[in-house]
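Chemist: This is query_22.txt (compact mmCIF, C-alpha atoms and all ligand atoms).
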```txt
# COMPACT_ATOMS: atom_id res chain seq x y z
CA MET A 1 81.20 119.32 91.59
CA THR A 2 82.40 117.24 94.45
CA THR A 3 86.05 116.25 94.76
CA LEU A 4 87.78 113.36 96.45
CA GLN A 5 88.80 115.79 99.19
CA ASP A 6 85.11 116.64 99.84
CA GLN A 7 84.24 112.93 99.95
CA LEU A 8 87.04 112.15 102.39
CA ILE A 9 86.08 115.04 104.66
CA ALA A 10 82.44 113.85 104.64
CA ARG A 11 83.53 110.29 105.45
CA ILE A 12 85.80 111.34 108.33
CA THR A 13 83.07 113.64 109.70
CA ALA A 14 80.65 110.69 109.71
CA GLU A 15 82.96 107.83 110.73
CA GLY A 16 85.94 109.41 112.50
CA PRO A 17 89.62 109.25 111.54
CA ILE A 18 90.78 106.79 108.85
CA SER A 19 94.09 104.96 108.51
CA LEU A 20 96.76 106.10 106.09
CA ALA A 21 96.15 102.86 104.17
CA ASP A 22 92.48 103.77 103.66
CA TYR A 23 93.53 107.24 102.55
CA MET A 24 96.10 105.89 100.06
CA ALA A 25 93.64 103.33 98.67
CA GLU A 26 91.10 106.09 97.99
CA CYS A 27 93.68 108.45 96.50
CA LEU A 28 95.18 105.84 94.17
CA LEU A 29 92.31 103.60 93.15
CA HIS A 30 88.99 105.42 93.80
CA PRO A 31 86.86 104.33 90.81
CA GLU A 32 86.08 107.92 89.86
CA TYR A 33 88.75 110.19 91.32
CA GLY A 34 91.69 107.84 91.98
CA TYR A 35 95.11 108.78 90.69
CA TYR A 36 95.55 105.63 88.59
CA THR A 37 91.93 105.91 87.42
CA THR A 38 92.20 109.42 86.01
CA ALA A 39 95.80 110.45 85.52
CA THR A 40 98.45 109.59 82.95
CA PRO A 41 101.16 109.15 85.51
CA PHE A 42 104.18 108.00 83.55
CA GLY A 43 106.82 109.52 81.33
CA ALA A 44 108.23 112.98 80.77
CA GLN A 45 104.76 114.58 80.71
CA GLY A 46 103.54 112.58 83.69
CA ASP A 47 104.36 112.75 87.37
CA PHE A 48 107.17 110.24 87.47
CA THR A 49 109.30 108.09 85.20
CA THR A 50 109.82 104.40 85.76
CA ALA A 51 112.67 102.20 84.56
CA PRO A 52 110.83 100.65 81.59
CA GLU A 53 109.86 104.14 80.40
CA ILE A 54 113.52 105.23 80.56
CA SER A 55 114.83 102.56 78.21
CA GLN A 56 113.79 99.43 76.32
CA MET A 57 116.90 97.76 77.77
CA PHE A 58 115.16 97.30 81.13
CA GLY A 59 112.28 95.13 79.86
CA GLU A 60 114.55 93.29 77.44
CA LEU A 61 116.97 92.16 80.15
CA ILE A 62 114.17 91.17 82.52
CA GLY A 63 112.68 89.12 79.69
CA LEU A 64 115.95 87.31 79.07
CA SER A 65 116.42 86.59 82.77
CA LEU A 66 112.92 85.09 83.05
CA ALA A 67 113.28 83.16 79.77
CA GLN A 68 116.57 81.66 80.99
CA CYS A 69 114.82 80.57 84.23
CA TRP A 70 112.12 78.98 82.10
CA LEU A 71 114.71 77.07 80.03
CA ASP A 72 116.59 76.01 83.18
CA GLN A 73 113.37 74.59 84.60
CA GLY A 74 112.82 72.40 81.52
CA ALA A 75 110.76 74.81 79.40
CA PRO A 76 107.38 73.90 80.95
CA ALA A 77 104.36 74.33 78.66
CA PRO A 78 101.92 75.89 79.10
CA PHE A 79 103.08 78.48 81.63
CA THR A 80 101.84 81.82 82.91
CA LEU A 81 103.81 84.95 82.03
CA ALA A 82 102.50 87.59 84.41
CA GLU A 83 103.11 91.17 85.41
CA LEU A 84 101.79 92.99 88.46
CA GLY A 85 100.87 96.65 87.85
CA PRO A 86 102.08 96.91 84.24
CA GLY A 87 101.53 100.69 83.89
CA ARG A 88 101.56 101.53 80.19
CA GLY A 89 102.56 97.98 79.20
CA THR A 90 106.01 99.09 78.06
CA LEU A 91 108.01 96.57 80.11
CA MET A 92 105.90 93.64 78.88
CA ALA A 93 106.10 94.80 75.25
CA ASP A 94 109.92 95.01 75.48
CA LEU A 95 110.09 91.66 77.30
CA LEU A 96 108.00 89.95 74.62
CA ARG A 97 110.03 91.44 71.76
CA ALA A 98 113.31 90.37 73.37
CA THR A 99 112.17 86.79 73.96
CA ARG A 100 110.85 86.15 70.47
CA GLY A 101 114.01 84.23 69.61
CA VAL A 102 113.77 81.88 72.60
CA PRO A 103 112.55 78.59 71.05
CA GLY A 104 109.10 77.60 72.33
CA PHE A 105 108.75 80.49 74.81
CA HIS A 106 106.02 82.38 73.00
CA ALA A 107 104.14 79.24 71.98
CA ALA A 108 103.97 78.13 75.63
CA LEU A 109 103.19 81.40 77.39
CA GLN A 110 99.78 82.52 78.61
CA LEU A 111 99.92 86.24 79.28
CA HIS A 112 98.22 87.52 82.45
CA LEU A 113 98.27 91.07 83.77
CA VAL A 114 97.19 92.08 87.27
CA GLU A 115 95.94 95.65 86.93
CA ALA A 116 93.39 97.54 89.01
CA SER A 117 92.95 100.58 86.75
CA ALA A 118 90.59 100.32 83.76
CA ASN A 119 92.32 103.35 82.26
CA LEU A 120 95.72 101.65 82.35
CA GLN A 121 94.26 98.33 81.14
CA LYS A 122 93.28 100.17 77.96
CA GLN A 123 96.80 101.51 77.48
CA GLN A 124 98.21 98.04 78.12
CA ALA A 125 95.90 96.55 75.48
CA GLU A 126 97.26 99.06 72.95
CA ALA A 127 100.91 98.42 73.85
CA LEU A 128 100.33 94.66 73.59
CA ALA A 129 98.15 94.62 70.46
CA GLY A 130 98.50 91.27 68.74
CA TYR A 131 98.97 89.34 71.99
CA ASP A 132 96.29 87.38 73.76
CA VAL A 133 96.06 89.11 77.18
CA THR A 134 94.00 88.09 80.21
CA TRP A 135 93.52 90.68 82.95
CA VAL A 136 92.91 89.52 86.49
CA ASP A 137 92.22 91.45 89.69
CA SER A 138 94.59 89.56 91.95
CA VAL A 139 97.46 87.10 92.06
CA ASP A 140 95.05 84.51 93.51
CA GLU A 141 93.29 84.33 90.14
CA LEU A 142 96.40 83.30 88.19
CA PRO A 143 96.21 79.77 86.70
CA ARG A 144 97.63 76.91 88.75
CA GLN A 145 100.63 76.20 86.51
CA PRO A 146 104.27 77.35 86.27
CA LEU A 147 104.45 81.09 86.86
CA PHE A 148 107.10 83.49 85.55
CA LEU A 149 106.33 86.94 86.88
CA VAL A 150 107.67 90.47 87.05
CA ALA A 151 106.56 93.37 89.24
CA ASN A 152 108.25 96.75 88.79
CA GLU A 153 107.18 99.54 91.12
CA PHE A 154 104.03 97.62 92.07
CA PHE A 155 104.57 96.97 95.77
CA ASP A 156 105.48 100.63 96.41
CA ALA A 157 102.00 101.62 95.23
CA LEU A 158 100.25 99.44 97.81
CA PRO A 159 98.70 101.32 100.73
CA ILE A 160 100.65 101.39 103.98
CA ARG A 161 99.77 101.90 107.62
CA GLN A 162 102.16 103.85 109.83
CA PHE A 163 102.70 103.26 113.54
CA VAL A 164 104.57 105.26 116.16
CA ARG A 165 106.12 103.29 119.01
CA ASP A 166 104.71 104.02 122.46
CA GLY A 167 106.10 101.80 125.21
CA GLU A 168 105.34 98.15 124.33
CA GLY A 169 102.55 99.22 121.97
CA TRP A 170 101.93 101.39 118.95
CA ARG A 171 99.84 104.41 118.04
CA GLU A 172 98.58 104.41 114.47
CA LYS A 173 98.97 107.53 112.36
CA ARG A 174 95.53 108.46 111.05
CA LEU A 175 93.82 111.06 108.93
CA GLY A 176 91.45 113.31 110.80
CA LEU A 177 90.17 116.85 110.49
CA ALA A 178 91.41 120.13 111.97
CA GLU A 179 89.30 123.20 111.24
CA GLY A 180 87.63 121.34 108.39
CA ALA A 181 90.90 120.33 106.67
CA LEU A 182 92.62 116.94 106.45
CA CYS A 183 95.42 116.47 108.96
CA PHE A 184 97.48 113.69 110.51
CA GLY A 185 96.90 112.55 114.07
CA LEU A 186 97.70 109.52 116.26
CA GLY A 187 95.25 106.88 117.42
CA PRO A 188 95.26 105.30 120.88
CA GLU A 189 98.12 103.06 121.98
CA ALA A 190 97.50 99.38 121.21
CA PRO A 191 99.54 96.19 120.71
CA GLN A 192 100.19 95.20 117.07
CA PRO A 193 100.92 91.47 116.62
CA ALA A 194 102.31 92.07 113.08
CA LEU A 195 104.91 94.42 114.58
CA GLU A 196 106.05 92.12 117.39
CA HIS A 197 109.53 91.75 115.82
CA ARG A 198 109.90 95.53 115.59
CA LEU A 199 109.81 95.90 119.36
CA LEU A 200 113.39 94.60 119.25
CA ASP A 201 114.89 97.25 116.97
CA THR A 202 112.87 100.40 117.74
CA LYS A 203 112.50 102.85 120.61
CA ASP A 204 109.75 105.23 121.71
CA ASP A 205 108.58 107.62 118.96
CA ASP A 206 110.14 105.61 116.13
CA LEU A 207 107.85 105.23 113.14
CA VAL A 208 107.45 101.93 111.27
CA GLU A 209 105.36 101.09 108.23
CA LEU A 210 103.29 98.07 107.36
CA SER A 211 101.73 97.24 104.00
CA PRO A 212 98.72 95.04 104.79
CA ALA A 213 98.43 93.81 101.17
CA ALA A 214 102.11 93.07 100.47
CA ALA A 215 102.50 89.90 102.56
CA PRO A 216 99.41 88.09 101.20
CA ILE A 217 100.43 88.89 97.61
CA SER A 218 103.97 87.62 98.15
CA ALA A 219 102.61 84.49 99.87
CA SER A 220 100.19 83.78 97.05
CA LEU A 221 102.69 84.06 94.23
CA ALA A 222 105.30 82.13 96.24
CA GLN A 223 102.81 79.29 96.83
CA CYS A 224 102.17 79.05 93.10
CA ILE A 225 105.91 79.05 92.27
CA ALA A 226 106.77 76.54 95.02
CA ARG A 227 104.05 74.15 93.87
CA HIS A 228 104.19 74.48 90.07
CA GLY A 229 107.63 75.97 89.35
CA GLY A 230 108.56 79.36 87.97
CA ALA A 231 110.23 82.54 89.15
CA ALA A 232 109.36 86.07 90.23
CA LEU A 233 111.42 89.22 89.79
CA ILE A 234 110.34 92.00 92.12
CA ILE A 235 111.92 95.41 91.54
CA ASP A 236 111.19 98.36 93.77
CA TYR A 237 112.65 101.06 95.88
CA GLY A 238 113.11 100.15 99.48
CA ASP A 239 115.32 97.92 101.53
CA TRP A 240 115.55 95.13 104.09
CA ARG A 241 113.22 96.33 106.88
CA SER A 242 112.12 99.94 106.89
CA LEU A 243 112.35 102.55 109.60
CA GLY A 244 110.91 106.04 109.45
CA ASP A 245 108.35 107.81 107.30
CA THR A 246 108.87 106.97 103.61
CA LEU A 247 105.50 108.15 102.28
CA GLN A 248 106.10 110.20 99.17
CA ALA A 249 103.75 112.22 96.98
CA LEU A 250 104.97 113.20 93.51
CA LYS A 251 103.37 115.54 91.02
CA SER A 252 105.07 116.67 87.82
CA HIS A 253 108.31 115.08 89.05
CA GLU A 254 108.27 117.25 92.23
CA PRO A 255 107.53 116.19 95.81
CA VAL A 256 104.26 117.65 97.13
CA ASP A 257 102.34 117.50 100.42
CA PRO A 258 100.50 114.12 100.43
CA LEU A 259 97.38 115.72 101.92
CA THR A 260 96.80 118.47 99.36
CA SER A 261 94.45 117.63 96.49
CA PRO A 262 93.99 113.90 97.18
CA GLY A 263 93.93 111.82 94.00
CA SER A 264 96.07 114.23 91.99
CA ALA A 265 99.54 113.04 93.05
CA ASP A 266 101.21 109.65 93.00
CA LEU A 267 101.60 108.24 96.51
CA THR A 268 104.23 105.61 97.22
CA ALA A 269 106.23 104.20 100.11
CA HIS A 270 109.43 102.20 100.38
CA VAL A 271 109.01 98.44 100.15
CA ASP A 272 110.05 96.31 103.10
CA PHE A 273 111.77 93.41 101.32
CA GLU A 274 112.15 91.48 104.57
CA VAL A 275 108.40 90.91 104.70
CA LEU A 276 108.25 89.72 101.07
CA CYS A 277 111.15 87.31 101.69
CA SER A 278 109.93 85.88 104.96
CA VAL A 279 106.43 85.06 103.73
CA ALA A 280 107.81 83.66 100.44
CA LYS A 281 110.11 81.42 102.45
CA GLY A 282 107.17 80.33 104.60
CA ALA A 283 105.30 79.40 101.42
CA GLY A 284 108.15 77.15 100.26
CA CYS A 285 110.20 79.40 97.98
CA ALA A 286 113.87 80.34 98.02
CA HIS A 287 114.69 84.01 97.76
CA SER A 288 117.74 85.67 96.28
CA LYS A 289 119.75 88.40 97.94
CA VAL A 290 118.07 91.79 97.73
CA THR A 291 120.34 93.11 94.97
CA PRO A 292 120.83 96.71 93.80
CA GLN A 293 119.21 97.30 90.39
CA GLY A 294 122.49 98.59 88.92
CA VAL A 295 124.34 95.39 89.87
CA PHE A 296 121.50 93.23 88.52
CA LEU A 297 121.43 95.01 85.16
CA GLU A 298 125.23 95.01 84.81
CA ARG A 299 125.35 91.27 85.46
CA LEU A 300 122.74 90.76 82.74
CA GLY A 301 124.89 92.68 80.26
CA ILE A 302 123.22 96.09 80.04
CA THR A 303 126.49 97.71 78.97
CA ASP A 304 126.93 95.31 76.03
CA ARG A 305 123.31 95.86 75.06
CA ALA A 306 123.79 99.63 75.21
CA ARG A 307 126.89 99.37 73.00
CA THR A 308 124.94 97.37 70.42
CA LEU A 309 122.11 99.91 70.39
CA ALA A 310 124.63 102.80 70.31
CA ALA A 311 126.18 101.49 67.10
CA GLY A 312 123.06 102.55 65.19
CA LEU A 313 122.67 105.99 66.81
CA ASP A 314 124.24 109.41 66.83
CA GLY A 315 123.54 112.94 68.09
CA GLU A 316 120.70 113.38 70.57
CA ALA A 317 119.52 109.77 70.32
CA LEU A 318 122.98 108.55 71.31
CA GLU A 319 123.16 111.00 74.20
CA ASN A 320 119.72 109.85 75.40
CA LEU A 321 120.84 106.23 75.35
CA ILE A 322 123.98 107.01 77.36
CA ALA A 323 121.89 109.01 79.86
CA ALA A 324 119.36 106.15 80.15
CA HIS A 325 122.10 103.61 80.83
CA ARG A 326 123.50 105.87 83.55
CA ARG A 327 120.10 106.56 85.06
CA LEU A 328 119.19 102.88 85.34
CA THR A 329 122.53 101.71 86.75
CA HIS A 330 124.48 104.49 88.46
CA PRO A 331 124.53 104.26 92.28
CA GLU A 332 123.61 107.95 92.57
CA GLU A 333 120.63 107.53 90.25
CA MET A 334 118.35 104.45 90.30
CA GLY A 335 121.16 101.90 90.56
CA ASN A 336 121.25 101.67 94.33
CA LEU A 337 117.90 103.00 95.52
CA PHE A 338 116.04 100.34 93.56
CA LYS A 339 116.46 96.72 94.58
CA VAL A 340 115.72 93.43 92.84
CA LEU A 341 114.46 90.30 94.58
CA GLY A 342 114.13 86.90 92.92
CA LEU A 343 111.86 84.09 94.11
CA THR A 344 112.23 80.51 92.86
CA PRO A 345 111.23 77.03 94.06
CA SER A 346 113.43 76.10 97.02
CA THR A 347 115.68 73.70 95.04
CA ILE A 348 116.33 76.13 92.18
CA ALA A 349 119.04 78.78 91.87
CA PRO A 350 118.03 82.46 91.74
CA PRO A 351 117.27 84.00 88.32
CA PRO A 352 120.23 85.25 86.24
CA GLY A 353 121.41 88.63 87.51
CA LEU A 354 120.75 87.64 91.12
CA ASN A 355 123.13 84.72 91.15
CA GLU A 356 126.55 85.57 92.56
N1 LIG A 401 105.16 98.76 86.40
C1 LIG A 401 104.87 100.02 85.73
C2 LIG A 401 103.89 100.89 86.52
C3 LIG A 401 104.19 101.18 87.96
S1 LIG A 401 102.94 102.17 88.75
C4 LIG A 401 106.14 100.73 85.40
O1 LIG A 401 107.18 100.33 85.92
O2 LIG A 401 106.10 101.68 84.64
C5 LIG A 401 101.95 101.03 89.63
C6 LIG A 401 101.06 100.15 88.79
O3 LIG A 401 100.37 99.26 89.66
C7 LIG A 401 99.99 100.85 87.98
O4 LIG A 401 99.78 100.13 86.80
C8 LIG A 401 98.78 100.75 88.93
O5 LIG A 401 97.54 100.97 88.31
C9 LIG A 401 98.96 99.36 89.46
N2 LIG A 401 98.32 99.08 90.75
C10 LIG A 401 98.42 99.82 91.87
N3 LIG A 401 97.76 99.22 92.89
C11 LIG A 401 97.24 98.08 92.39
C12 LIG A 401 96.46 97.02 92.96
N4 LIG A 401 96.10 97.03 94.23
N5 LIG A 401 96.11 95.98 92.16
C13 LIG A 401 96.50 95.96 90.85
N6 LIG A 401 97.22 96.94 90.28
C14 LIG A 401 97.60 97.98 91.02
```
Could the structure of this file be written out as structure tokens, please?
Ligand code: SAH
Modeler:
Amino acid sequence: MTTLQDQLIARITAEGPISLADYMAECLLHPEYGYYTTATPFGAQGDFTTAPEISQMFGELIGLSLAQCWLDQGAPAPFTLAELGPGRGTLMADLLRATRGVPGFHAALQLHLVEASANLQKQQAEALAGYDVTWVDSVDELPRQPLFLVANEFFDALPIRQFVRDGEGWREKRLGLAEGALCFGLGPEAPQPALEHRLLDTKDDDLVELSPAAAPISASLAQCIARHGGAALIIDYGDWRSLGDTLQALKSHEPVDPLTSPGSADLTAHVDFEVLCSVAKGAGCAHSKVTPQGVFLERLGITDRARTLAAGLDGEALENLIAAHRRLTHPEEMGNLFKVLGLTPSTIAPPPGLNE
């Protein structure tokens, strides 16, 4: 039986070294061997846990923030409610449950999910049974109408390229072969127009990352929001401009070497929020401050929500709730590492939770 590793070695032998982005794309989304195609990544049994899998409070509060934006923009109908990379569909299920009481919201929404994995689409269909769901392959296929969108840990799963500074140019980190095994190497020095601005804040041998897909996706959803109204909440780990190697491979909640058994570990990289903001601005949107997740959730009332849920719990369930609240908000847990960015039309205030 051939493996993804065999296929990659055969490809590199035939074509020469490939970029890290090509490698990540194969590892994550290969139609037969890709990580999201075959694995059950999320939750305690999976390789990593995401915020919506930690507690229902996460999806609920995001839902209320987006629903308030929708009301503030005059409750447009119909509108698109969309999620990028919905995983098991947990966030959207919690969001929909929490917004049931918002008059007119459910009657007006048209639910669209952007999901590349057929395996995860199936799980999303189960989590959202009873709702009319449309799956699309890209943001460009979303209807031209008001768009209220959430993306949690989506941009960190997009393939990145890595470049090492060499004089006024860059050498790309690539995957080649050494003694028949996958290994990293550096390509020839060349100028990189997309990294022009990074010549100002880097020196020789510094490594910077570039996600080729992130900017076009941000531009596309920002164009839709600028033209038709709406809001986007983008939550991910990362910061304003990245420096250094942030590629991470996780398997069973432990870091592993990204080159061993391709397709069997989750591969992610920090998100460069500066890129998302600058292209969104260019497309006519306003962007909020890049706000720590803990601050965002506290402003939306996560502690009150936790108290309400706690009233009906005791013993282990109560302890789990307290631990979940801490995990989502505490600066030493996810509270600071994860950031939230809001996009709105240029005349409209940021979504609740991102407004100072
Ligand atoms: N938002 C979920 C899952 C995060 S994992 C949560 O918070 O639990 C990343 C998700 O993005 C998965 O659903 C994965 O299949 C999807 N994904 C990754 N790359 C994608 C791409 N290029 N297009 C569409 N979906 C993608």
Chemist: Give as a list in words the residues surrounding ligand LIG 401 (chain A) up to a distance of 6 Å, considering only C-alpha atoms and all ligand atoms.
Modeler: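 With only C-alpha atoms and all ligand atoms and a cut-off of 6 Å, ligand LIG 401 (chain A) is contacted by Tyr36, Thr50, Ala51, Pro52, Gly85, Pro86, Gly87, Val114, Glu115, Ala116, Ser117, Asn152, Glu153, Phe154, Ala157 and Leu158 of chain A.
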Chemist: Counting all atoms listed in the file, what are the residues of region 42-75 of chain A within 8 Å of region 89-107 of chain A, and for each of them which pair of atoms is the nearest and at what distance in Å, to one decimal? Sort the table by chain and rising number, as JSON lines.
Modeler:
```
{"residue": "A:Pro52", "atom": "CA", "partner": "A:Leu91", "partner_atom": "CA", "distance": 5.2}
{"residue": "A:Glu53", "atom": "CA", "partner": "A:Thr90", "partner_atom": "CA", "distance": 6.8}
{"residue": "A:Gln56", "atom": "CA", "partner": "A:Asp94", "partner_atom": "CA", "distance": 5.9}
{"residue": "A:Met57", "atom": "CA", "partner": "A:Asp94", "partner_atom": "CA", "distance": 7.8}
{"residue": "A:Phe58", "atom": "CA", "partner": "A:Leu91", "partner_atom": "CA", "distance": 7.3}
{"residue": "A:Gly59", "atom": "CA", "partner": "A:Leu91", "partner_atom": "CA", "distance": 4.5}
{"residue": "A:Glu60", "atom": "CA", "partner": "A:Leu95", "partner_atom": "CA", "distance": 4.8}
{"residue": "A:Leu61", "atom": "CA", "partner": "A:Leu95", "partner_atom": "CA", "distance": 7.5}
{"residue": "A:Ile62", "atom": "CA", "partner": "A:Leu95", "partner_atom": "CA", "distance": 6.6}
{"residue": "A:Gly63", "atom": "CA", "partner": "A:Leu95", "partner_atom": "CA", "distance": 4.3}
{"residue": "A:Leu64", "atom": "CA", "partner": "A:Thr99", "partner_atom": "CA", "distance": 6.4}
{"residue": "A:Ala67", "atom": "CA", "partner": "A:Thr99", "partner_atom": "CA", "distance": 6.9}
{"residue": "A:Ala75", "atom": "CA", "partner": "A:Phe105", "partner_atom": "CA", "distance": 7.6}
```
Chemist: Between A:Leu297, A:Ala219, A:Ala324, A:Cys224, which is the closest to Ala310 (chain A) once you count all atoms listed in the file?
Modeler: A:Ala324
Chemist: Using all atoms listed in the file, give me every residue within 7 Å of (111.5, 93.9, 96.2) in file coordinates, as a list in words.
Modeler: Ile234, Ile235, Asp236, Val271, Phe273, Lys339, Val340 and Leu341 of chain A
Chemist: Would you mind telling me which residue in A:Val164, A:Leu66, A:Ile225, A:Met24 lies nearest to Ala249 (chain A) when using only C-alpha atoms?
Modeler: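 Answer, going by the shortest atom-to-atom distance: A:Met24.
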Chemist: How would region 311-329 of chain A read, as an mmCIF file, in the coordinates of the input, once N, CA and C atoms are built in?
Modeler:
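This is the output file rebuild.cif:
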```
data_model
loop_
_atom_site.group_PDB
_atom_site.id
_atom_site.type_symbol
_atom_site.label_atom_id
_atom_site.label_comp_id
_atom_site.auth_asym_id
_atom_site.auth_seq_id
_atom_site.Cartn_x
_atom_site.Cartn_y
_atom_site.Cartn_z
ATOM 1 N N ALA A 311 125.539 101.589 68.421
ATOM 2 C CA ALA A 311 126.180 101.490 67.100
ATOM 3 C C ALA A 311 125.284 102.080 65.999
ATOM 4 N N GLY A 312 123.963 102.038 66.216
ATOM 5 C CA GLY A 312 123.060 102.550 65.190
ATOM 6 C C GLY A 312 122.607 103.982 65.442
ATOM 7 N N LEU A 313 123.188 104.662 66.418
ATOM 8 C CA LEU A 313 122.670 105.990 66.810
ATOM 9 C C LEU A 313 123.751 107.058 66.747
ATOM 10 N N ASP A 314 123.304 108.297 66.622
ATOM 11 C CA ASP A 314 124.240 109.410 66.830
ATOM 12 C C ASP A 314 123.455 110.615 67.373
ATOM 13 N N GLY A 315 124.174 111.698 67.644
ATOM 14 C CA GLY A 315 123.540 112.940 68.090
ATOM 15 C C GLY A 315 122.724 112.765 69.353
ATOM 16 N N GLU A 316 121.531 113.358 69.362
ATOM 17 C CA GLU A 316 120.700 113.380 70.570
ATOM 18 C C GLU A 316 120.268 111.973 70.991
ATOM 19 N N ALA A 317 119.966 111.130 69.997
ATOM 20 C CA ALA A 317 119.520 109.770 70.320
ATOM 21 C C ALA A 317 120.620 109.013 71.068
ATOM 22 N N LEU A 318 121.853 109.213 70.640
ATOM 23 C CA LEU A 318 122.980 108.550 71.310
ATOM 24 C C LEU A 318 123.146 109.090 72.730
ATOM 25 N N GLU A 319 123.044 110.398 72.859
ATOM 26 C CA GLU A 319 123.160 111.000 74.200
ATOM 27 C C GLU A 319 122.052 110.495 75.130
ATOM 28 N N ASN A 320 120.846 110.357 74.590
ATOM 29 C CA ASN A 320 119.720 109.850 75.400
ATOM 30 C C ASN A 320 119.990 108.424 75.870
ATOM 31 N N LEU A 321 120.550 107.617 74.982
ATOM 32 C CA LEU A 321 120.840 106.230 75.350
ATOM 33 C C LEU A 321 121.890 106.175 76.473
ATOM 34 N N ILE A 322 122.923 106.996 76.334
ATOM 35 C CA ILE A 322 123.980 107.010 77.360
ATOM 36 C C ILE A 322 123.386 107.480 78.694
ATOM 37 N N ALA A 323 122.521 108.500 78.637
ATOM 38 C CA ALA A 323 121.890 109.010 79.860
ATOM 39 C C ALA A 323 120.983 107.950 80.482
ATOM 40 N N ALA A 324 120.274 107.193 79.630
ATOM 41 C CA ALA A 324 119.360 106.150 80.150
ATOM 42 C C ALA A 324 120.153 105.050 80.837
ATOM 43 N N HIS A 325 121.258 104.649 80.232
ATOM 44 C CA HIS A 325 122.100 103.610 80.830
ATOM 45 C C HIS A 325 122.572 104.062 82.212
ATOM 46 N N ARG A 326 123.012 105.328 82.282
ATOM 47 C CA ARG A 326 123.500 105.870 83.550
ATOM 48 C C ARG A 326 122.364 105.924 84.576
ATOM 49 N N ARG A 327 121.226 106.392 84.132
ATOM 50 C CA ARG A 327 120.100 106.560 85.060
ATOM 51 C C ARG A 327 119.668 105.224 85.665
ATOM 52 N N LEU A 328 119.645 104.192 84.849
ATOM 53 C CA LEU A 328 119.190 102.880 85.340
ATOM 54 C C LEU A 328 120.212 102.224 86.270
ATOM 55 N N THR A 329 121.510 102.507 86.048
ATOM 56 C CA THR A 329 122.530 101.710 86.750
ATOM 57 C C THR A 329 123.350 102.471 87.777
#
```
